[in-house]
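Data block for final.cif (mmCIF, C-alpha atoms):
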data_query
#
loop_
_atom_site.label_atom_id
_atom_site.label_comp_id
_atom_site.auth_asym_id
_atom_site.auth_seq_id
_atom_site.Cartn_x
_atom_site.Cartn_y
_atom_site.Cartn_z
CA MET A 1 -9.15 -4.16 7.99
CA ALA A 2 -12.00 -6.06 6.39
CA PRO A 3 -11.32 -9.78 5.82
CA GLY A 4 -11.92 -9.34 2.08
CA THR A 5 -9.30 -6.59 1.93
CA GLY A 6 -6.75 -8.80 3.65
CA ALA A 7 -7.51 -11.70 1.31
CA ALA A 8 -7.14 -9.38 -1.69
CA LEU A 9 -3.75 -8.13 -0.44
CA ARG A 10 -2.54 -11.71 0.02
CA LEU A 11 -3.73 -12.57 -3.51
CA LEU A 12 -2.16 -9.49 -5.08
CA ALA A 13 1.21 -10.13 -3.40
CA ALA A 14 1.11 -13.74 -4.63
CA ALA A 15 0.03 -12.71 -8.14
CA VAL A 16 3.13 -10.56 -8.64
CA ASP A 17 5.33 -13.19 -6.90
CA ALA A 18 6.40 -10.41 -4.54
CA LYS A 19 9.86 -10.59 -3.05
CA ALA A 20 10.07 -6.90 -2.11
CA VAL A 21 7.02 -4.97 -0.87
CA ALA A 22 6.89 -1.41 0.45
CA GLU A 23 4.03 -0.61 2.83
CA ILE A 24 3.07 2.96 3.70
CA GLY A 25 1.27 2.91 7.04
CA THR A 26 2.32 0.03 9.29
CA GLY A 27 -0.64 0.44 11.62
CA CYS A 28 -0.97 -2.52 13.98
CA GLY A 29 0.45 -4.91 11.37
CA VAL A 30 -2.72 -6.54 10.02
CA SER A 31 -2.14 -5.56 6.39
CA GLY A 32 1.53 -6.49 6.69
CA ILE A 33 0.63 -9.99 7.88
CA HIS A 34 -1.65 -10.47 4.85
CA LEU A 35 1.05 -9.17 2.50
CA LEU A 36 3.70 -11.44 4.07
CA HIS A 37 1.40 -14.47 3.65
CA GLY A 38 1.15 -13.71 -0.08
CA MET A 39 4.83 -12.96 -0.61
CA ARG A 40 7.57 -15.41 -1.52
CA PRO A 41 9.08 -17.19 1.52
CA ASP A 42 12.30 -15.19 1.05
CA GLY A 43 10.44 -11.91 0.59
CA VAL A 44 10.97 -8.80 2.71
CA LEU A 45 8.29 -6.28 3.66
CA THR A 46 9.57 -2.72 4.13
CA THR A 47 7.04 -0.86 6.25
CA VAL A 48 7.01 2.87 6.96
CA ASP A 49 5.06 4.63 9.71
CA PRO A 50 5.54 7.91 11.59
CA GLU A 51 4.55 6.24 14.89
CA PRO A 52 7.32 3.99 16.33
CA GLU A 53 4.83 2.40 18.77
CA HIS A 54 2.75 1.19 15.80
CA GLN A 55 5.84 -0.48 14.40
CA GLN A 56 6.66 -2.11 17.73
CA PHE A 57 3.14 -3.54 17.93
CA ALA A 58 3.38 -4.78 14.32
CA ARG A 59 6.78 -6.36 15.00
CA GLN A 60 5.20 -8.38 17.82
CA ALA A 61 2.20 -9.30 15.63
CA PHE A 62 4.50 -10.53 12.83
CA ARG A 63 6.48 -12.64 15.30
CA ALA A 64 3.24 -14.06 16.81
CA SER A 65 2.14 -14.98 13.26
CA GLY A 66 5.33 -17.01 12.80
CA PHE A 67 7.34 -14.65 10.59
CA ALA A 68 11.11 -14.45 11.17
CA SER A 69 12.42 -11.02 12.12
CA ASN A 70 14.36 -10.76 8.84
CA ARG A 71 11.09 -10.82 6.83
CA ALA A 72 10.24 -7.21 7.74
CA ARG A 73 12.20 -3.97 7.75
CA PHE A 74 10.66 -1.24 9.89
CA ILE A 75 11.46 2.38 9.01
CA PRO A 76 10.02 5.05 11.29
CA GLY A 77 9.20 8.39 9.72
CA ARG A 78 6.87 10.25 7.38
CA ALA A 79 6.40 8.36 4.14
CA LEU A 80 7.36 11.32 1.96
CA ASP A 81 10.64 11.66 3.89
CA VAL A 82 11.46 7.92 3.76
CA LEU A 83 10.31 6.82 0.29
CA PRO A 84 12.88 8.92 -1.64
CA ARG A 85 15.62 6.90 0.12
CA LEU A 86 14.29 3.55 -1.19
CA ALA A 87 15.69 1.92 -4.35
CA ASP A 88 14.38 2.82 -7.80
CA ALA A 89 12.57 -0.13 -9.46
CA GLY A 90 13.38 -2.25 -6.40
CA TYR A 91 9.83 -3.25 -5.42
CA ASP A 92 7.22 -5.65 -6.73
CA LEU A 93 4.31 -4.09 -4.83
CA VAL A 94 3.71 -0.78 -3.03
CA PHE A 95 0.76 -0.74 -0.62
CA CYS A 96 -0.49 2.70 0.43
CA ASP A 97 -2.53 3.02 3.62
CA GLY A 98 -1.14 6.24 5.02
CA ASP A 99 -2.29 9.86 4.94
CA ARG A 100 -4.93 10.08 2.20
CA LEU A 101 -4.05 13.73 1.63
CA GLU A 102 -0.64 12.47 0.41
CA TYR A 103 -1.89 9.63 -1.84
CA LEU A 104 -1.11 11.52 -5.05
CA ASP A 105 2.47 12.06 -3.81
CA TYR A 106 2.67 8.37 -2.87
CA LEU A 107 1.67 7.52 -6.45
CA ALA A 108 4.64 9.47 -7.83
CA GLU A 109 7.01 7.67 -5.45
CA ALA A 110 5.42 4.28 -6.18
CA LEU A 111 5.96 4.71 -9.92
CA ARG A 112 9.67 5.25 -9.22
CA LEU A 113 9.90 2.38 -6.73
CA LEU A 114 8.09 -0.25 -8.80
CA ARG A 115 9.67 -2.54 -11.34
CA PRO A 116 7.82 -2.91 -14.66
CA GLY A 117 4.92 -5.29 -13.98
CA GLY A 118 4.83 -4.20 -10.33
CA LEU A 119 1.63 -3.24 -8.57
CA VAL A 120 0.58 -0.18 -6.60
CA VAL A 121 -2.41 -0.55 -4.25
CA PHE A 122 -4.28 2.22 -2.42
CA GLU A 123 -6.59 1.36 0.49
CA GLY A 124 -9.74 3.29 1.40
CA VAL A 125 -10.46 5.01 -1.91
CA PHE A 126 -14.23 4.85 -1.44
CA ALA A 127 -13.93 7.05 1.70
CA ASN A 128 -17.09 5.40 3.08
CA GLY A 129 -18.96 6.18 -0.14
CA ARG A 130 -18.05 9.86 -0.17
CA THR A 131 -15.95 9.76 -3.35
CA ILE A 132 -19.15 9.42 -5.41
CA ASP A 133 -21.34 11.84 -3.42
CA SER A 134 -22.23 14.95 -5.40
CA GLY A 135 -22.38 17.37 -2.45
CA PRO A 136 -19.51 19.44 -1.04
CA GLN A 137 -16.70 17.21 0.18
CA PRO A 138 -13.73 17.53 2.54
CA THR A 139 -10.22 17.92 1.12
CA GLU A 140 -9.48 14.21 1.71
CA VAL A 141 -12.26 13.18 -0.68
CA LEU A 142 -11.22 15.75 -3.28
CA ARG A 143 -7.66 14.39 -3.15
CA LEU A 144 -8.93 10.81 -3.54
CA ARG A 145 -10.85 11.90 -6.63
CA GLU A 146 -7.63 13.45 -8.01
CA LEU A 147 -5.81 10.17 -7.37
CA LEU A 148 -8.53 8.14 -9.10
CA ARG A 149 -8.41 10.48 -12.11
CA ALA A 150 -4.59 10.44 -12.27
CA VAL A 151 -4.43 6.64 -12.17
CA ARG A 152 -7.24 6.25 -14.73
CA GLU A 153 -5.58 8.71 -17.15
CA SER A 154 -2.00 7.47 -16.72
CA GLN A 155 -0.45 5.82 -19.78
CA GLU A 156 2.00 4.13 -17.40
CA LEU A 157 -0.63 2.18 -15.46
CA ALA A 158 -3.27 -0.51 -16.05
CA PRO A 159 -5.77 0.13 -13.21
CA SER A 160 -8.69 -1.62 -11.55
CA LEU A 161 -10.87 -0.64 -8.61
CA LEU A 162 -11.66 -3.61 -6.35
CA PRO A 163 -14.88 -3.26 -4.33
CA VAL A 164 -13.55 -4.88 -1.14
CA GLY A 165 -13.49 -3.18 2.25
CA ASP A 166 -13.47 0.57 1.69
CA GLY A 167 -12.14 0.15 -1.84
CA LEU A 168 -8.76 -0.96 -3.19
CA LEU A 169 -7.40 0.95 -6.15
CA CYS A 170 -4.86 -1.30 -7.89
CA ALA A 171 -2.68 -0.52 -10.89
CA VAL A 172 0.04 -2.45 -12.68
CA LYS A 173 3.03 -0.44 -13.88
CA ARG A 174 3.51 -1.09 -17.59
#
Structure translated into structure tokens:
Amino acid sequence: MAPGTGAALRLLAAAVDAKAVAEIGTGCGVSGIHLLHGMRPDGVLTTVDPEPEHQQFARQAFRASGFASNRARFIPGRALDVLPRLADAGYDLVFCDGDRLEYLDYLAEALRLLRPGGLVVFEGVFANGRTIDSGPQPTEVLRLRELLRAVRESQELAPSLLPVGDGLLCAVKR
């Protein structure tokens, strides 16, 4: 993750005074550490990843960064299997860094999960510049374009595209 992306995540979590954050795609824990730094001291990060070994690595990284074990809840599994089990309107921020082919589905879940005034953030929406290329594109890029269009046209969201890292699409739920 680019340093600017991490700084933006920390800022966004702080801006919404996040106490409850859902993260799709635990990875090695870098984004989670940035989110935790921006969250309230009593905040809990719920992180979902299909790879249990990623979550184990992230758990160690969180501990090494000084976060108590009760600051993160690790749920192994596919995001679209896990997210429906999370509480409606129970989250201040939903960070999506999972399967880009599923981003549009993550958006639907995020709208349900977020409280009014909550924030949804999608990582990697520039797809290394391919989302604006005019030539034939892989399915992943076509899906990202659909996501960008859906967020832009939604009456429920106030969006902004931040040019940090590989692009952060952010939207506040009205």
* Find, counting all atoms listed in the file, the residue in A:Ile33, A:Ile24, A:Leu9, A:Ala158 that gets nearest to Ala72 in chain A. =>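 Using all atoms listed in the file, the shortest distance to Ala72 in chain A belongs to A:Ile33.
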* Asked: How far is it from CA of Thr46 in chain A to CA of Val21 in chain A, in Å with one decimal?
  ->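 A separation of 6.0 Å between them.
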* Evaluate the PyMOL selection byres ((chain A and resi 162-173) around 6) on the structure here and hand back the selected residues as number ranges by chain. => A: 2, 4-5, 116-126, 156-161, 174
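For the pair CA of Ala20 in chain A and CA of Val94 in chain A, the separation is 8.9 Å.
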* Specify as a ChimeraX atom specification each residue included when the PyMOL selection byres ((chain A and resi 62) around 10) is applied to this file. => /A:28-30,32-33,36,56-61,63-69,71-72
Some atoms are absent from range 126-152 of chain A, so rebuild N, CA and C atoms and return them as an mmCIF file, keeping the file's coordinate frame.
data_model
loop_
_atom_site.group_PDB
_atom_site.id
_atom_site.type_symbol
_atom_site.label_atom_id
_atom_site.label_comp_id
_atom_site.auth_asym_id
_atom_site.auth_seq_id
_atom_site.Cartn_x
_atom_site.Cartn_y
_atom_site.Cartn_z
ATOM 1 N N PHE A 126 -12.806 4.510 -1.421
ATOM 2 C CA PHE A 126 -14.230 4.850 -1.440
ATOM 3 C C PHE A 126 -14.573 5.911 -0.390
ATOM 4 N N ALA A 127 -13.700 6.072 0.617
ATOM 5 C CA ALA A 127 -13.930 7.050 1.700
ATOM 6 C C ALA A 127 -15.360 6.921 2.234
ATOM 7 N N ASN A 128 -15.739 5.682 2.561
ATOM 8 C CA ASN A 128 -17.090 5.400 3.080
ATOM 9 C C ASN A 128 -18.180 5.910 2.146
ATOM 10 N N GLY A 129 -17.967 5.789 0.850
ATOM 11 C CA GLY A 129 -18.960 6.180 -0.140
ATOM 12 C C GLY A 129 -18.927 7.640 -0.543
ATOM 13 N N ARG A 130 -18.055 8.425 0.094
ATOM 14 C CA ARG A 130 -18.050 9.860 -0.170
ATOM 15 C C ARG A 130 -17.412 10.245 -1.501
ATOM 16 N N THR A 131 -16.601 9.375 -2.090
ATOM 17 C CA THR A 131 -15.950 9.760 -3.350
ATOM 18 C C THR A 131 -16.953 9.879 -4.499
ATOM 19 N N ILE A 132 -18.150 9.302 -4.343
ATOM 20 C CA ILE A 132 -19.150 9.420 -5.410
ATOM 21 C C ILE A 132 -20.296 10.364 -5.043
ATOM 22 N N ASP A 133 -20.313 10.868 -3.807
ATOM 23 C CA ASP A 133 -21.340 11.840 -3.420
ATOM 24 C C ASP A 133 -21.172 13.123 -4.225
ATOM 25 N N SER A 134 -22.297 13.740 -4.586
ATOM 26 C CA SER A 134 -22.230 14.950 -5.400
ATOM 27 C C SER A 134 -22.133 16.228 -4.578
ATOM 28 N N GLY A 135 -22.419 16.165 -3.295
ATOM 29 C CA GLY A 135 -22.380 17.370 -2.450
ATOM 30 C C GLY A 135 -20.976 17.818 -2.146
ATOM 31 N N PRO A 136 -20.837 18.949 -1.448
ATOM 32 C CA PRO A 136 -19.510 19.440 -1.040
ATOM 33 C C PRO A 136 -18.774 18.386 -0.208
ATOM 34 N N GLN A 137 -17.479 18.257 -0.470
ATOM 35 C CA GLN A 137 -16.700 17.210 0.180
ATOM 36 C C GLN A 137 -15.455 17.782 0.853
ATOM 37 N N PRO A 138 -14.978 17.094 1.898
ATOM 38 C CA PRO A 138 -13.730 17.530 2.540
ATOM 39 C C PRO A 138 -12.530 17.323 1.601
ATOM 40 N N THR A 139 -11.439 17.973 1.927
ATOM 41 C CA THR A 139 -10.220 17.920 1.120
ATOM 42 C C THR A 139 -9.774 16.476 0.860
ATOM 43 N N GLU A 140 -9.894 15.612 1.863
ATOM 44 C CA GLU A 140 -9.480 14.210 1.710
ATOM 45 C C GLU A 140 -10.193 13.561 0.525
ATOM 46 N N VAL A 141 -11.488 13.783 0.406
ATOM 47 C CA VAL A 141 -12.260 13.180 -0.680
ATOM 48 C C VAL A 141 -11.870 13.789 -2.022
ATOM 49 N N LEU A 142 -11.648 15.091 -2.040
ATOM 50 C CA LEU A 142 -11.220 15.750 -3.280
ATOM 51 C C LEU A 142 -9.877 15.200 -3.743
ATOM 52 N N ARG A 143 -8.970 14.960 -2.799
ATOM 53 C CA ARG A 143 -7.660 14.390 -3.150
ATOM 54 C C ARG A 143 -7.794 12.953 -3.663
ATOM 55 N N LEU A 144 -8.704 12.173 -3.057
ATOM 56 C CA LEU A 144 -8.930 10.810 -3.540
ATOM 57 C C LEU A 144 -9.457 10.827 -4.972
ATOM 58 N N ARG A 145 -10.335 11.771 -5.262
ATOM 59 C CA ARG A 145 -10.850 11.900 -6.630
ATOM 60 C C ARG A 145 -9.711 12.240 -7.599
ATOM 61 N N GLU A 146 -8.790 13.110 -7.167
ATOM 62 C CA GLU A 146 -7.630 13.450 -8.010
ATOM 63 C C GLU A 146 -6.782 12.211 -8.267
ATOM 64 N N LEU A 147 -6.589 11.405 -7.230
ATOM 65 C CA LEU A 147 -5.810 10.170 -7.370
ATOM 66 C C LEU A 147 -6.492 9.233 -8.368
ATOM 67 N N LEU A 148 -7.789 9.023 -8.196
ATOM 68 C CA LEU A 148 -8.530 8.140 -9.100
ATOM 69 C C LEU A 148 -8.406 8.608 -10.539
ATOM 70 N N ARG A 149 -8.527 9.912 -10.757
ATOM 71 C CA ARG A 149 -8.410 10.480 -12.110
ATOM 72 C C ARG A 149 -6.996 10.277 -12.655
ATOM 73 N N ALA A 150 -5.987 10.562 -11.831
ATOM 74 C CA ALA A 150 -4.590 10.440 -12.270
ATOM 75 C C ALA A 150 -4.263 8.994 -12.658
ATOM 76 N N VAL A 151 -4.711 8.045 -11.870
ATOM 77 C CA VAL A 151 -4.430 6.640 -12.170
ATOM 78 C C VAL A 151 -5.171 6.209 -13.435
ATOM 79 N N ARG A 152 -6.430 6.616 -13.552
ATOM 80 C CA ARG A 152 -7.240 6.250 -14.730
ATOM 81 C C ARG A 152 -6.623 6.808 -16.007
#
